[in-house]
Amino acid sequence: MDRVAKGETEAIEELYDRFGTLVYRMAYQLTPTKADAEDAVQEIFVRLWQTAERYDVRKAKLVTWVMLISRRYLVDRLRRRRVRPQPSAFDEAWTDADLNSENSVERDFLINERQKRLRERINGLPELQREVVQRAYLGGRTLREISQELDRPIGTIKSALSRALAGLRDRVAEDEGQL
Amino acid sequence: MSDNNNRNRNENPETNHDKYQDLRELAAFDAIGALTEHERRDFDLIEETADEVAQNEIRVARDAVMKQIGEDLPNVQPSPALKHRVLATILRFIENDLGKTVQTRDEGQADFVPGAFNWFERFFAGRVGVGWRIAALAFLTISIALFWMLVETKKWNDDLRGFARSFDISEFERLVGPRTINYFIDGDAKHIVLAPVDDSESSRAMISYFPDRDDALFLARDLPALSDEMYYIRVQAPGVDEVIVSFSSSGDIVGLDFKLPEDVDPTTLSWWVMRFDKENEPVKVMEAVS
């Protein structure tokens, strides 16, 4: 990252080669269109370059740091634009009705097996946890915003989100065990 | 291993489990982006100053959530053109030497770097705009000037108070001495001596000041006791007639700070200590010795 900070082209290119797809997928999940996702990727990489000198290998894995910068940027962008995440590729297929319906080939292509499993895992959570994790994880809402939207104490929201994240992790582990 | 951990935690409720639970939660909330900007900055500062164990707890919690986020991402691929676009953008910034000062298009608010939020570094690394830097320097300069003035004023007041505290009656008598002495020099300070209008009174008073300041100290001894701030200091000169300050006396020592009239040499003024009599008429009690 020192070389990235110094503006060495090869290092920046290497950074993109390692994380470009990951960042694009994160952007794709939280932006409404492919063009928005590409804009976001561009902004995120500029930001990664600008802040590269502050990366501390002792404090975080590089992939975690890249994801954190990306996630923060994307969530901030969501909040600024006040749009719901990925209506074209994600929200449109989010409802139970859609889950049970026959998906088109195109939609199957866009919303692949991983996404279906995520939706299934979230849908398997208790109601409050499901509401909270959808709004925080996919909607970029803060705990305070969710607390206001659901008219529940912030402590309840924190607790629900913690349990929901733990629940999702357990379900991922179960899925992996079955594979 | 897990049983041992659980047993240890149960034995001591103040164990790391409790201590770091909030940190782990915050790290997870931060990782998915559920914290406000303010909370995020607070958390980063906490992480910056956390001990090694706490930082490790944060790292583990954050890694777990990021791994989960990674698992759930859609399996899509960016177009090859995107790589060229990204690299071209960064190279353009580098070539124009703008990258580290130009805000990118979507930045509606200040950039924020996790784990290394440091305004001092940002300021001197040139990541804060020129306008803000000038404003910050101006603010800093004014603050230093004000601070210096406060320090000097306090020093002056302390000098006067120290002078008053250490004032010995015999010294006072020596200084006031023969009534014909008007001023005497004590270091840089000047003094105006006041004596009772009525010769039968034993009261003595003096005003101490530095020529380049407008603060002054009034010291008096044996002024007859009067409550309710019935005494006051009055100055007169051509074009000047002011009541400076009012005060009471317990009959022993009186000491008080006050401001000198502006733009007037105190030695050119007539100084009086006055009070109101029973008919509420002003009466001269003391006057500067001439």
# chains A, B, ... in the order shown; residues from 1 in each chain; ligands from 1

call {"tool": "interface_residues", "arguments": {"of": "chain A", "to": "chain B", "cutoff": "7 Å", "atoms": "only C-alpha atoms", "output": "MDAnalysis selection string"}}
result
chainID A and resid 7 13 21 24:26 29 38 42:43 45:46 50:51 54 59:60 64 67:68 71:72 75 111:112 114:115 118 136:137 140:143 162 169

call {"tool": "closest_residue", "arguments": {"among": "A:Gln134, A:Met1, A:Thr31, A:Glu127", "to": "Lys61 (chain A)", "atoms": "only C-alpha atoms"}}
result
A:Met1
